[in-house]
$ cat data-v6.txt   # compact mmCIF, C-alpha atoms
# COMPACT_ATOMS: atom_id res chain seq x y z
CA MET D 1 0.00 0.00 0.00
CA GLN D 2 1.54 3.27 -1.08
CA ALA D 3 1.49 6.17 1.41
CA GLY D 4 0.13 9.55 0.21
CA PRO D 5 2.34 12.53 -0.54
CA ARG D 6 1.29 14.17 2.80
CA ALA D 7 2.27 11.08 4.78
CA ARG D 8 5.60 10.83 3.05
CA GLN D 9 6.40 14.44 3.80
CA LEU D 10 5.25 14.33 7.58
CA ARG D 11 8.12 14.06 9.96
CA ALA D 12 8.95 14.89 13.56
CA LEU D 13 10.93 18.07 13.98
CA ARG D 14 11.00 17.62 17.79
CA PRO D 15 10.39 14.06 18.95
CA LEU D 16 8.99 13.08 22.35
CA GLU D 17 11.36 12.94 25.32
CA ASP D 18 11.25 10.74 28.44
CA VAL D 19 9.81 12.43 31.54
CA THR D 20 10.40 11.58 35.20
CA VAL D 21 8.22 13.11 37.92
CA ASN D 22 7.44 12.53 41.59
CA GLU D 23 4.27 10.87 42.72
CA GLY D 24 1.43 13.37 42.72
CA GLY D 25 3.19 15.67 40.26
CA SER D 26 2.50 16.59 36.61
CA ALA D 27 4.20 15.63 33.30
CA THR D 28 4.19 17.46 29.96
CA PHE D 29 5.02 15.84 26.60
CA LEU D 30 5.75 18.03 23.48
CA MET D 31 5.71 16.91 19.84
CA GLU D 32 6.60 19.27 16.92
CA LEU D 33 5.66 18.17 13.38
CA SER D 34 6.82 19.38 10.00
CA GLN D 35 3.28 20.33 8.95
CA GLU D 36 0.46 22.31 10.51
CA GLY D 37 -3.13 21.20 11.10
CA VAL D 38 -2.30 17.56 11.42
CA ALA D 39 -4.66 15.58 13.70
CA GLY D 40 -3.00 13.10 16.04
CA GLU D 41 -3.80 10.73 18.92
CA TRP D 42 -2.15 10.37 22.27
CA ALA D 43 -1.98 7.02 24.10
CA ARG D 44 -0.58 5.70 27.38
CA GLY D 45 0.21 2.05 27.71
CA GLY D 46 -1.55 1.42 24.40
CA VAL D 47 -4.80 3.03 25.60
CA ARG D 48 -5.99 6.15 23.82
CA LEU D 49 -6.16 9.26 25.97
CA HIS D 50 -9.10 11.64 26.00
CA PRO D 51 -9.28 15.11 27.51
CA GLY D 52 -10.31 15.13 31.15
CA PRO D 53 -9.63 16.69 34.60
CA LYS D 54 -6.15 15.15 34.73
CA CYS D 55 -5.48 14.98 30.99
CA HIS D 56 -5.16 18.08 28.81
CA ILE D 57 -4.45 17.84 25.04
CA HIS D 58 -3.44 20.91 23.02
CA ALA D 59 -2.54 21.43 19.31
CA GLU D 60 -1.23 24.78 18.02
CA GLY D 61 0.32 24.92 14.54
CA HIS D 62 3.22 22.50 14.41
CA THR D 63 3.15 21.83 18.17
CA HIS D 64 1.17 19.10 19.96
CA ARG D 65 1.21 19.03 23.79
CA LEU D 66 -0.02 16.48 26.37
CA GLU D 67 -0.30 17.44 30.08
CA LEU D 68 -0.93 14.75 32.73
CA SER D 69 -1.52 15.77 36.39
CA GLY D 70 -2.03 14.00 39.72
CA LEU D 71 0.19 11.12 38.63
CA GLY D 72 0.60 7.98 40.66
CA CYS D 73 2.96 5.04 40.44
CA ALA D 74 0.37 3.14 38.41
CA ASP D 75 0.45 5.86 35.70
CA ALA D 76 4.03 5.07 34.72
CA GLY D 77 4.55 3.52 31.28
CA CYS D 78 4.89 4.32 27.57
CA VAL D 79 3.31 7.51 26.18
CA SER D 80 2.94 7.67 22.39
CA PHE D 81 1.73 10.12 19.70
CA THR D 82 0.38 8.89 16.35
CA ALA D 83 -0.44 11.01 13.27
CA ASP D 84 -1.16 9.18 10.02
CA SER D 85 1.77 6.77 9.63
CA LEU D 86 4.02 8.72 12.02
CA ARG D 87 4.39 7.32 15.54
CA CYS D 88 6.66 8.62 18.30
CA ALA D 89 6.92 7.29 21.86
CA ALA D 90 8.60 8.17 25.18
CA ARG D 91 8.66 6.74 28.72
CA LEU D 92 6.87 8.24 31.73
CA THR D 93 8.53 7.42 35.07
CA VAL D 94 6.76 8.20 38.36
CA ARG D 95 8.87 8.15 41.51
CA GLU D 96 7.19 7.25 44.82
CA ALA D 97 7.05 10.37 46.95
CA PRO D 98 8.56 10.24 50.48
CA VAL D 99 6.14 10.29 53.39
CA THR D 100 6.01 13.65 55.13
CA ILE D 101 4.26 14.96 58.20
CA VAL D 102 1.59 17.42 57.16
CA ARG D 103 0.46 18.11 60.74
CA GLY D 104 2.40 16.66 63.66
CA PRO D 105 1.16 15.68 67.13
CA GLN D 106 0.64 18.41 69.69
CA ASP D 107 1.51 18.68 73.38
CA LEU D 108 -1.28 17.37 75.64
CA GLU D 109 -2.35 17.96 79.21
CA VAL D 110 -4.92 15.54 80.58
CA THR D 111 -6.26 14.52 83.97
CA GLU D 112 -4.94 11.31 85.48
CA GLY D 113 -7.20 8.41 84.54
CA ASP D 114 -8.48 10.03 81.31
CA THR D 115 -7.58 9.08 77.74
CA ALA D 116 -4.68 10.81 75.96
CA THR D 117 -4.85 10.76 72.13
CA PHE D 118 -2.02 11.92 69.87
CA GLU D 119 -2.70 12.48 66.18
CA CYS D 120 -0.55 13.36 63.18
CA GLU D 121 -1.47 13.92 59.52
CA LEU D 122 0.72 12.27 56.86
CA SER D 123 1.11 13.02 53.19
CA GLN D 124 0.04 9.47 52.28
CA ALA D 125 -2.93 7.50 53.45
CA LEU D 126 -1.37 4.02 53.51
CA ALA D 127 1.96 4.85 55.12
CA ASP D 128 3.31 2.68 57.96
CA VAL D 129 4.27 4.63 61.06
CA THR D 130 5.82 3.75 64.40
CA TRP D 131 5.07 5.47 67.72
CA GLU D 132 7.62 5.64 70.51
CA LYS D 133 6.89 6.50 74.14
CA GLY D 134 9.92 7.85 75.94
CA ARG D 135 12.54 5.09 75.74
CA GLY D 136 10.01 2.33 76.00
CA PRO D 137 8.94 -0.21 73.36
CA ARG D 138 7.62 0.95 70.01
CA CYS D 139 4.00 0.74 68.94
CA THR D 140 3.48 0.23 65.21
CA ALA D 141 0.33 1.53 63.53
CA GLY D 142 -0.43 0.17 60.06
CA LEU D 143 -3.55 1.28 58.20
CA ALA D 144 -4.97 4.22 60.08
CA PRO D 145 -8.67 4.11 61.02
CA HIS D 146 -9.12 7.53 59.42
CA PRO D 147 -6.41 7.97 56.77
CA PRO D 148 -4.27 9.87 56.65
CA PHE D 149 -4.52 10.39 60.44
CA PRO D 150 -2.85 7.53 62.39
CA PRO D 151 -3.74 8.20 66.06
CA LEU D 152 -2.23 6.84 69.23
CA GLY D 153 -4.47 6.71 72.32
CA TRP D 154 -3.78 5.77 75.92
CA ALA D 155 -6.70 4.96 78.15
CA ARG D 156 -6.38 5.74 81.86
CA ALA D 157 -3.14 7.70 81.47
CA ARG D 158 -0.66 7.46 84.35
CA PRO D 159 2.41 9.62 85.11
CA GLN D 160 5.72 8.46 83.62
CA PRO D 161 9.22 9.29 84.84
CA SER D 162 10.30 10.70 81.45
CA GLY D 163 7.25 12.92 81.00
CA GLN D 164 7.65 12.67 77.21
CA ALA D 165 4.96 11.61 74.83
CA PRO D 166 5.70 9.33 71.88
CA GLY D 167 7.00 10.74 68.64
CA PRO D 168 6.00 9.14 65.31
CA ARG D 169 8.51 7.69 62.87
CA HIS D 170 7.66 6.82 59.30
CA ALA D 171 9.19 4.12 57.12
CA PRO D 172 10.70 5.34 53.82
CA PRO D 173 10.04 3.23 50.68
CA SER D 174 13.51 1.77 50.77
CA ALA D 175 13.76 -1.11 53.23
CA ALA D 176 17.40 -0.31 53.79
CA ALA D 177 16.68 3.22 54.90
CA ALA D 178 16.68 3.91 58.62
CA LEU D 179 13.63 5.12 60.48
CA ARG D 180 13.53 8.89 60.63
CA PRO D 181 12.15 10.49 63.81
CA ILE D 182 9.59 13.23 63.25
CA GLY D 183 9.50 14.87 66.68
CA ARG D 184 8.58 14.56 70.33
CA ARG D 185 5.71 16.02 72.27
CA ASP D 186 5.16 16.36 76.00
CA LEU D 187 2.31 14.73 77.89
CA GLN D 188 1.45 16.50 81.13
CA LEU D 189 -0.81 14.75 83.63
CA ARG D 190 -2.89 16.61 86.19
CA GLU D 191 -3.56 14.76 89.42
CA ARG D 192 -7.22 13.89 89.68
CA THR D 193 -8.92 15.74 92.54
CA VAL D 194 -11.35 13.50 94.40
CA SER D 195 -13.89 14.83 96.88
CA VAL D 196 -16.61 13.18 98.94
CA LEU D 197 -20.12 14.08 97.77
CA SER D 198 -22.04 11.93 100.26
CA GLU D 199 -20.53 11.14 103.67
CA LEU D 200 -20.78 7.81 105.48
CA ARG D 201 -23.55 7.50 108.05
CA SER D 202 -23.26 5.69 111.37
CA VAL D 203 -25.15 2.40 111.59
CA ARG D 204 -26.64 0.67 114.64
CA SER D 205 -27.54 -2.98 114.16
CA ARG D 206 -28.23 -6.07 116.23
CA GLU D 207 -25.83 -8.95 116.58
CA GLY D 208 -26.28 -11.43 113.72
CA ASP D 209 -27.80 -8.84 111.35
CA SER D 210 -26.11 -6.94 108.47
CA ALA D 211 -24.88 -3.34 108.18
CA THR D 212 -24.47 -1.35 104.92
CA PHE D 213 -22.24 1.70 104.49
CA GLN D 214 -22.38 3.91 101.39
CA CYS D 215 -20.10 6.74 100.23
CA THR D 216 -20.31 8.80 97.01
CA VAL D 217 -17.25 10.52 95.51
CA SER D 218 -16.83 13.04 92.69
CA GLU D 219 -14.97 10.73 90.25
CA ALA D 220 -16.36 7.49 88.83
CA GLU D 221 -12.99 5.97 87.91
CA THR D 222 -11.60 6.23 91.45
CA THR D 223 -10.77 3.14 93.48
CA GLY D 224 -11.20 3.26 97.23
CA SER D 225 -10.31 1.27 100.35
CA TRP D 226 -12.28 0.38 103.50
CA GLN D 227 -11.16 -0.05 107.10
CA LEU D 228 -12.91 -1.31 110.23
CA GLY D 229 -11.34 -0.37 113.53
CA GLY D 230 -8.11 0.55 111.70
CA ARG D 231 -7.87 -2.85 109.98
CA PRO D 232 -8.06 -3.01 106.14
CA LEU D 233 -11.09 -4.86 104.81
CA LYS D 234 -10.96 -7.20 101.82
CA GLN D 235 -13.69 -8.83 99.78
CA GLY D 236 -14.74 -12.25 101.04
CA GLY D 237 -16.48 -14.04 103.89
CA ARG D 238 -18.69 -11.65 105.83
CA VAL D 239 -17.35 -8.64 103.88
CA ARG D 240 -18.79 -7.54 100.53
CA ILE D 241 -17.31 -4.53 98.68
CA ARG D 242 -18.64 -3.18 95.40
CA GLN D 243 -18.60 0.00 93.30
CA GLU D 244 -21.42 1.43 91.20
CA GLY D 245 -20.00 4.39 89.29
CA LYS D 246 -19.28 7.08 91.84
CA LYS D 247 -20.97 5.11 94.62
CA HIS D 248 -18.92 2.81 96.89
CA LEU D 249 -20.67 0.30 99.16
CA LEU D 250 -19.59 -1.89 102.08
CA VAL D 251 -21.84 -4.66 103.44
CA LEU D 252 -20.95 -6.44 106.70
CA SER D 253 -23.05 -9.53 107.40
CA GLU D 254 -23.53 -11.75 110.47
CA LEU D 255 -22.38 -9.00 112.79
CA ARG D 256 -20.61 -9.80 116.03
CA ALA D 257 -20.21 -7.71 119.14
CA GLU D 258 -16.47 -7.31 118.44
CA ASP D 259 -17.25 -5.75 115.01
CA ALA D 260 -18.27 -2.51 116.67
CA GLY D 261 -15.94 0.41 115.89
CA GLU D 262 -15.03 3.04 113.30
CA VAL D 263 -15.67 2.37 109.60
CA ARG D 264 -13.50 4.47 107.27
CA PHE D 265 -13.51 4.88 103.46
CA GLN D 266 -10.64 6.52 101.59
CA ALA D 267 -10.19 7.40 97.90
CA GLY D 268 -7.01 9.34 97.25
CA PRO D 269 -6.90 12.31 99.62
CA ALA D 270 -10.66 12.15 100.25
CA GLN D 271 -11.97 10.12 103.18
CA SER D 272 -15.08 9.67 105.30
CA ALA D 273 -15.71 7.88 108.60
CA ALA D 274 -18.71 6.65 110.61
CA GLN D 275 -19.41 4.44 113.62
CA LEU D 276 -20.74 0.89 113.65
CA GLU D 277 -22.66 -0.03 116.79
CA VAL D 278 -23.56 -3.67 117.37
CA GLU D 279 -26.29 -4.37 119.91
CA ALA D 280 -25.55 -7.68 121.60
CA LEU D 281 -28.33 -10.25 121.86
CA PRO D 282 -29.54 -11.17 125.40
CA LEU D 283 -27.27 -13.76 126.99
CA GLN D 284 -29.06 -17.12 127.32
CA MET D 285 -28.15 -20.55 128.55
CA CYS D 286 -27.87 -23.23 125.90
CA ARG D 287 -26.83 -26.11 128.19
CA ARG D 288 -27.68 -26.19 131.88
CA PRO D 289 -26.16 -28.22 134.76
CA PRO D 290 -28.16 -31.13 136.27
CA ARG D 291 -30.77 -30.33 138.92
CA GLU D 292 -28.85 -32.50 141.43
CA LYS D 293 -25.26 -33.58 141.67
CA THR D 294 -23.79 -35.96 144.26
CA VAL D 295 -20.12 -35.80 145.23
CA LEU D 296 -18.12 -37.79 147.76
CA VAL D 297 -16.46 -36.02 150.63
CA GLY D 298 -12.94 -34.85 149.78
CA ARG D 299 -13.51 -35.02 146.05
CA ARG D 300 -13.87 -32.18 143.55
CA ALA D 301 -17.24 -30.99 142.22
CA VAL D 302 -17.59 -29.36 138.78
CA LEU D 303 -20.71 -27.47 137.68
CA GLU D 304 -20.73 -26.45 134.01
CA VAL D 305 -23.01 -24.34 131.80
CA THR D 306 -22.91 -23.19 128.15
CA VAL D 307 -24.27 -19.77 127.14
CA SER D 308 -25.35 -18.35 123.78
CA ARG D 309 -22.12 -16.46 122.99
CA SER D 310 -18.55 -16.04 124.07
CA GLY D 311 -17.52 -13.15 126.25
CA GLY D 312 -20.75 -13.00 128.24
CA HIS D 313 -20.56 -12.36 131.99
CA VAL D 314 -21.58 -15.30 134.18
CA CYS D 315 -22.05 -15.14 137.96
CA TRP D 316 -22.04 -18.12 140.39
CA LEU D 317 -23.90 -18.03 143.75
CA ARG D 318 -24.40 -20.38 146.72
CA GLU D 319 -27.54 -19.93 148.72
CA GLY D 320 -27.86 -16.44 147.23
CA VAL D 321 -24.28 -15.37 148.02
CA GLU D 322 -21.91 -14.66 145.11
CA LEU D 323 -18.83 -16.85 145.00
CA CYS D 324 -15.35 -15.43 144.50
CA PRO D 325 -12.37 -17.34 143.08
CA GLY D 326 -9.89 -18.65 145.65
CA ASP D 327 -8.52 -21.86 147.15
CA LYS D 328 -12.00 -23.27 147.56
CA TYR D 329 -13.70 -22.07 144.40
CA GLU D 330 -12.22 -21.90 140.90
CA LEU D 331 -14.07 -20.09 138.10
CA ARG D 332 -13.22 -21.24 134.58
CA SER D 333 -14.24 -19.88 131.18
CA HIS D 334 -13.57 -21.29 127.69
CA GLY D 335 -15.51 -19.61 124.92
CA PRO D 336 -19.22 -19.90 125.70
CA THR D 337 -18.61 -22.60 128.37
CA HIS D 338 -18.30 -21.59 132.04
CA SER D 339 -17.42 -23.87 134.96
CA LEU D 340 -17.45 -23.70 138.76
CA VAL D 341 -14.95 -26.03 140.45
CA ILE D 342 -15.34 -26.75 144.17
CA HIS D 343 -12.18 -28.27 145.63
CA ASP D 344 -12.07 -30.72 148.61
CA VAL D 345 -15.82 -30.98 149.04
CA ARG D 346 -17.03 -31.09 152.68
CA PRO D 347 -20.47 -31.75 154.15
CA GLU D 348 -20.91 -28.06 154.76
CA ASP D 349 -20.57 -27.45 150.98
CA GLN D 350 -23.87 -29.15 150.44
CA GLY D 351 -26.58 -26.78 149.24
CA THR D 352 -28.09 -25.02 146.21
CA TYR D 353 -25.79 -23.38 143.66
CA CYS D 354 -27.02 -20.90 141.08
CA CYS D 355 -25.51 -19.68 137.77
CA GLN D 356 -26.75 -16.33 136.40
CA ALA D 357 -26.20 -15.31 132.74
CA GLY D 358 -27.94 -12.07 131.90
CA GLN D 359 -31.62 -12.52 132.70
CA ASP D 360 -31.34 -16.30 132.62
CA SER D 361 -30.34 -18.56 135.53
CA ALA D 362 -29.93 -22.25 136.41
CA HIS D 363 -29.95 -23.99 139.82
CA THR D 364 -28.22 -27.20 140.95
CA ARG D 365 -28.59 -29.04 144.30
CA LEU D 366 -25.19 -30.32 145.44
CA LEU D 367 -25.34 -33.41 147.67
CA VAL D 368 -22.30 -34.51 149.67
CA GLU D 369 -21.96 -38.21 150.46
CA ALA D 370 -19.55 -39.73 152.99
CA ARG D 371 -16.87 -42.15 151.81
CA LYS D 372 -17.60 -45.89 152.08
CA THR D 373 -15.95 -47.73 155.08
CA GLU D 374 -14.12 -51.09 154.97
CA PRO D 375 -15.64 -54.24 156.61
CA GLY D 376 -14.94 -54.38 160.37
CA GLN D 377 -14.64 -50.63 160.74
CA ALA D 378 -18.21 -50.39 162.10
CA GLY D 379 -17.31 -52.46 165.25
CA VAL D 380 -14.26 -50.39 165.86
CA LEU D 381 -16.26 -47.21 165.52
CA GLY D 382 -18.84 -48.65 167.94
CA GLN D 383 -16.22 -49.34 170.54
CA LEU D 384 -14.69 -45.91 169.99
CA GLY D 385 -18.13 -44.47 170.51
CA ARG D 386 -18.34 -46.09 173.90
CA HIS D 387 -15.02 -44.57 175.00
CA MET D 388 -15.41 -41.31 173.14
CA PRO D 389 -18.88 -39.97 173.95
CA LEU D 390 -20.52 -37.87 171.27
CA PRO D 391 -22.80 -34.95 171.87
CA ARG D 392 -26.28 -36.15 172.73
CA GLY D 393 -28.64 -36.32 169.78
CA GLN D 394 -25.86 -36.70 167.14
CA GLY D 395 -24.41 -39.72 165.47
CA THR D 396 -22.25 -40.85 162.58
CA ARG D 397 -23.75 -42.77 159.67
CA VAL D 398 -21.57 -45.68 158.45
CA ARG D 399 -22.75 -47.94 155.61
CA GLY D 400 -26.41 -47.44 156.45
CA ALA D 401 -25.92 -47.83 160.24
CA THR D 402 -25.82 -45.03 162.76
CA VAL D 403 -23.27 -44.88 165.55
CA CYS D 404 -25.08 -43.21 168.47
CA PRO D 405 -23.59 -41.78 171.65
CA VAL D 406 -23.57 -44.03 174.76
CA ASP D 407 -25.42 -43.08 177.87
CA GLU D 408 -23.14 -43.63 180.87
CA ASN D 409 -26.14 -44.58 183.02
CA GLU D 410 -27.07 -47.41 180.63
CA ASN D 411 -25.73 -50.93 181.20
CA PRO D 412 -23.55 -52.36 178.47

$ encode --input "data-v6.txt" --output "structure tokens"
Amino acid sequence: MQAGPRARQLRALRPLEDVTVNEGGSATFLMELSQEGVAGEWARGGVRLHPGPKCHIHAEGHTHRLELSGLGCADAGCVSFTADSLRCAARLTVREAPVTIVRGPQDLEVTEGDTATFECELSQALADVTWEKGRGPRCTAGLAPHPPFPPLGWARARPQPSGQAPGPRHAPPSAAAALRPIGRRDLQLRERTVSVLSELRSVRSREGDSATFQCTVSEAETTGSWQLGGRPLKQGGRVRIRQEGKKHLLVLSELRAEDAGEVRFQAGPAQSAAQLEVEALPLQMCRRPPREKTVLVGRRAVLEVTVSRSGGHVCWLREGVELCPGDKYELRSHGPTHSLVIHDVRPEDQGTYCCQAGQDSAHTRLLVEARKTEPGQAGVLGQLGRHMPLPRGQGTRVRGATVCPVDENENP
């Protein structure tokens, strides 16, 4: 097929030249022909280009110009111009742009326990960044939740010795390149001020019941501690501790008389105190001594009772007279059990003994029995009775028999 005279005469006075630009930049290609008014087509990667927001095509006389803007790495390739049988091509190279900080993190001042959030704006949305906190371990953030803003947040911020906030580092495209620090920012923490909004109230409860103490503070994220009588309280057993927002509660169950005392709550510098009063239940006898108890002469007699609680006062009486501890009487106490010990029992110890515990009392009749005699001792005692007169009207009982005094006027 023979080309026309116009095609044979068309030639490139200024051919296309290769262009290299940075990512996001613009590229311009110029083509100068030997003739005017020649229509041509521009293509990139074999695909014809049409005028648009990022593609501008101009033709003035001998000159044809192509302008491409907002270029990315994917736009790199071969750019060609074709007019009739004339075709000229050049290469478009797009270099990846380095990541830069458009807006860096700012210094922050937050209250202790709040959340501290640092934010920086990068020039690229999918850049990998690394956060550093003081000299501690690094925290790497990949795809940012809201590109191009990779944030770093700390919940419940606490003071650090360095006082420095993390500074972001970004990774350049080259894997061999070192991380480049962007900058450091300071994080200042204000100590949280806690105050008591609702004071503790004193509680009066009966032994065995429960008591509830409640205190409200100004901050919901504040932890507190409880004390009873100066002793720290911990969760478990008869102690229940819970927190509902700003409200702190202490529940003491199965109260005892020894639980009475000061209850104190403390949260930081704020504290509140109240009194716990425990009303003791009436002292009662749970196990009483027998109504009668027989003891041999010279032996030891023990009377024992058990009351409803430990620490209760118990009083022992004989024939209405209170007994005091000594050589004769020994008063013992072990928990709720109380004992009266009578040493070296004699006939004169016989009588009624009473134990008083509060409004309750128990009585026991103590009987004293003489020791048994050996066979043959009765005759000896009889003869002794003849030679050792006894007071008239009295006698000694031996194994069921009575040794009576002898009248000197009677015949043997």

$ residues_around --input "data-v6.txt" --residues "Val307 in chain D" --least-positions-apart "3" --cutoff "6 Å" --atoms "only C-alpha atoms" --output "ChimeraX atom specification"
/D:284-286,336

$ atom_distance --input "data-v6.txt" --atom1 "CA of Ala220 in chain D" --atom2 "CA of Gln271 in chain D"
15.2 Å

$ residues_around --input "data-v6.txt" --residues "Leu283 in chain D" --least-positions-apart "5" --cutoff "12 Å" --atoms "only C-alpha atoms" --output "VMD selection string"
chain D and resid 207 306 to 314 336 356 to 361

$ write_last_selection --input "data-v6.txt" --atoms "C-alpha atoms" --output "PDB file, in the coordinates of the input"
ATOM      1  CA  GLU D 207     -25.830  -8.950 116.580  1.00  0.00           C
ATOM      2  CA  THR D 306     -22.910 -23.190 128.150  1.00  0.00           C
ATOM      3  CA  VAL D 307     -24.270 -19.770 127.140  1.00  0.00           C
ATOM      4  CA  SER D 308     -25.350 -18.350 123.780  1.00  0.00           C
ATOM      5  CA  ARG D 309     -22.120 -16.460 122.990  1.00  0.00           C
ATOM      6  CA  SER D 310     -18.550 -16.040 124.070  1.00  0.00           C
ATOM      7  CA  GLY D 311     -17.520 -13.150 126.250  1.00  0.00           C
ATOM      8  CA  GLY D 312     -20.750 -13.000 128.240  1.00  0.00           C
ATOM      9  CA  HIS D 313     -20.560 -12.360 131.990  1.00  0.00           C
ATOM     10  CA  VAL D 314     -21.580 -15.300 134.180  1.00  0.00           C
ATOM     11  CA  PRO D 336     -19.220 -19.900 125.700  1.00  0.00           C
ATOM     12  CA  GLN D 356     -26.750 -16.330 136.400  1.00  0.00           C
ATOM     13  CA  ALA D 357     -26.200 -15.310 132.740  1.00  0.00           C
ATOM     14  CA  GLY D 358     -27.940 -12.070 131.900  1.00  0.00           C
ATOM     15  CA  GLN D 359     -31.620 -12.520 132.700  1.00  0.00           C
ATOM     16  CA  ASP D 360     -31.340 -16.300 132.620  1.00  0.00           C
ATOM     17  CA  SER D 361     -30.340 -18.560 135.530  1.00  0.00           C
TER      18      SER D 361
END

$ residues_near_point --input "data-v6.txt" --point "(-6.3, 8.3, 24.0)" --cutoff "12 Å" --atoms "all atoms listed in the file" --output "count of residues only"
21

$ residues_around --input "data-v6.txt" --residues "Leu255 in chain D" --least-positions-apart "6" --cutoff "7 Å" --atoms "only C-alpha atoms" --output "ChimeraX atom specification"
/D:207-210

$ closest_residue --input "data-v6.txt" --among "D:Leu228, D:Val297, D:Val251, D:Ala267" --to "Gln214 in chain D" --atoms "all atoms listed in the file"
D:Val251

$ residues_around --input "data-v6.txt" --residues "Leu189 in chain D" --least-positions-apart "2" --cutoff "6 Å" --atoms "all atoms listed in the file" --output "JSON, numbers by chain"
{"D": [109, 110, 111, 112]}

$ closest_residue --input "data-v6.txt" --among "D:Gly237, D:Gly72, D:Pro53, D:Pro347" --to "Val295 in chain D" --atoms "all atoms listed in the file"
D:Pro347

$ build_atoms --input "data-v6.txt" --residues "range 78-91 of chain D" --atoms "N, CA, C and O atoms" --output "PDB file, in the frame of the given file"
ATOM      1  N   CYS D  78       4.534   3.748  28.875  1.00  0.00           N
ATOM      2  CA  CYS D  78       4.890   4.320  27.570  1.00  0.00           C
ATOM      3  C   CYS D  78       3.802   5.283  27.101  1.00  0.00           C
ATOM      4  O   CYS D  78       2.623   4.946  27.092  1.00  0.00           O
ATOM      5  N   VAL D  79       4.215   6.495  26.727  1.00  0.00           N
ATOM      6  CA  VAL D  79       3.310   7.510  26.180  1.00  0.00           C
ATOM      7  C   VAL D  79       3.672   7.689  24.707  1.00  0.00           C
ATOM      8  O   VAL D  79       4.851   7.916  24.367  1.00  0.00           O
ATOM      9  N   SER D  80       2.670   7.596  23.833  1.00  0.00           N
ATOM     10  CA  SER D  80       2.940   7.670  22.390  1.00  0.00           C
ATOM     11  C   SER D  80       2.016   8.680  21.715  1.00  0.00           C
ATOM     12  O   SER D  80       0.922   8.974  22.204  1.00  0.00           O
ATOM     13  N   PHE D  81       2.527   9.217  20.554  1.00  0.00           N
ATOM     14  CA  PHE D  81       1.730  10.120  19.700  1.00  0.00           C
ATOM     15  C   PHE D  81       1.736   9.544  18.288  1.00  0.00           C
ATOM     16  O   PHE D  81       2.797   9.178  17.757  1.00  0.00           O
ATOM     17  N   THR D  82       0.534   9.459  17.692  1.00  0.00           N
ATOM     18  CA  THR D  82       0.380   8.890  16.350  1.00  0.00           C
ATOM     19  C   THR D  82      -0.363   9.875  15.463  1.00  0.00           C
ATOM     20  O   THR D  82      -1.435  10.384  15.863  1.00  0.00           O
ATOM     21  N   ALA D  83       0.205  10.148  14.292  1.00  0.00           N
ATOM     22  CA  ALA D  83      -0.440  11.010  13.270  1.00  0.00           C
ATOM     23  C   ALA D  83      -0.197  10.376  11.908  1.00  0.00           C
ATOM     24  O   ALA D  83       0.959  10.304  11.446  1.00  0.00           O
ATOM     25  N   ASP D  84      -1.276   9.919  11.265  1.00  0.00           N
ATOM     26  CA  ASP D  84      -1.160   9.180  10.020  1.00  0.00           C
ATOM     27  C   ASP D  84      -0.239   7.994  10.239  1.00  0.00           C
ATOM     28  O   ASP D  84      -0.488   7.186  11.116  1.00  0.00           O
ATOM     29  N   SER D  85       0.846   7.903   9.490  1.00  0.00           N
ATOM     30  CA  SER D  85       1.770   6.770   9.630  1.00  0.00           C
ATOM     31  C   SER D  85       2.930   7.093  10.555  1.00  0.00           C
ATOM     32  O   SER D  85       3.792   6.250  10.795  1.00  0.00           O
ATOM     33  N   LEU D  86       2.929   8.320  11.135  1.00  0.00           N
ATOM     34  CA  LEU D  86       4.020   8.720  12.020  1.00  0.00           C
ATOM     35  C   LEU D  86       3.667   8.351  13.470  1.00  0.00           C
ATOM     36  O   LEU D  86       2.586   8.682  13.964  1.00  0.00           O
ATOM     37  N   ARG D  87       4.593   7.697  14.127  1.00  0.00           N
ATOM     38  CA  ARG D  87       4.390   7.320  15.540  1.00  0.00           C
ATOM     39  C   ARG D  87       5.677   7.588  16.309  1.00  0.00           C
ATOM     40  O   ARG D  87       6.764   7.170  15.890  1.00  0.00           O
ATOM     41  N   CYS D  88       5.511   8.285  17.457  1.00  0.00           N
ATOM     42  CA  CYS D  88       6.660   8.620  18.300  1.00  0.00           C
ATOM     43  C   CYS D  88       6.277   8.290  19.747  1.00  0.00           C
ATOM     44  O   CYS D  88       5.141   8.527  20.182  1.00  0.00           O
ATOM     45  N   ALA D  89       7.209   7.745  20.489  1.00  0.00           N
ATOM     46  CA  ALA D  89       6.920   7.290  21.860  1.00  0.00           C
ATOM     47  C   ALA D  89       8.029   7.742  22.811  1.00  0.00           C
ATOM     48  O   ALA D  89       9.166   7.975  22.394  1.00  0.00           O
ATOM     49  N   ALA D  90       7.669   7.842  24.094  1.00  0.00           N
ATOM     50  CA  ALA D  90       8.600   8.170  25.180  1.00  0.00           C
ATOM     51  C   ALA D  90       8.128   7.481  26.454  1.00  0.00           C
ATOM     52  O   ALA D  90       6.995   6.994  26.531  1.00  0.00           O
ATOM     53  N   ARG D  91       9.002   7.443  27.471  1.00  0.00           N
ATOM     54  CA  ARG D  91       8.660   6.740  28.720  1.00  0.00           C
ATOM     55  C   ARG D  91       8.342   7.753  29.820  1.00  0.00           C
ATOM     56  O   ARG D  91       9.068   8.740  29.992  1.00  0.00           O
TER      57      ARG D  91
END
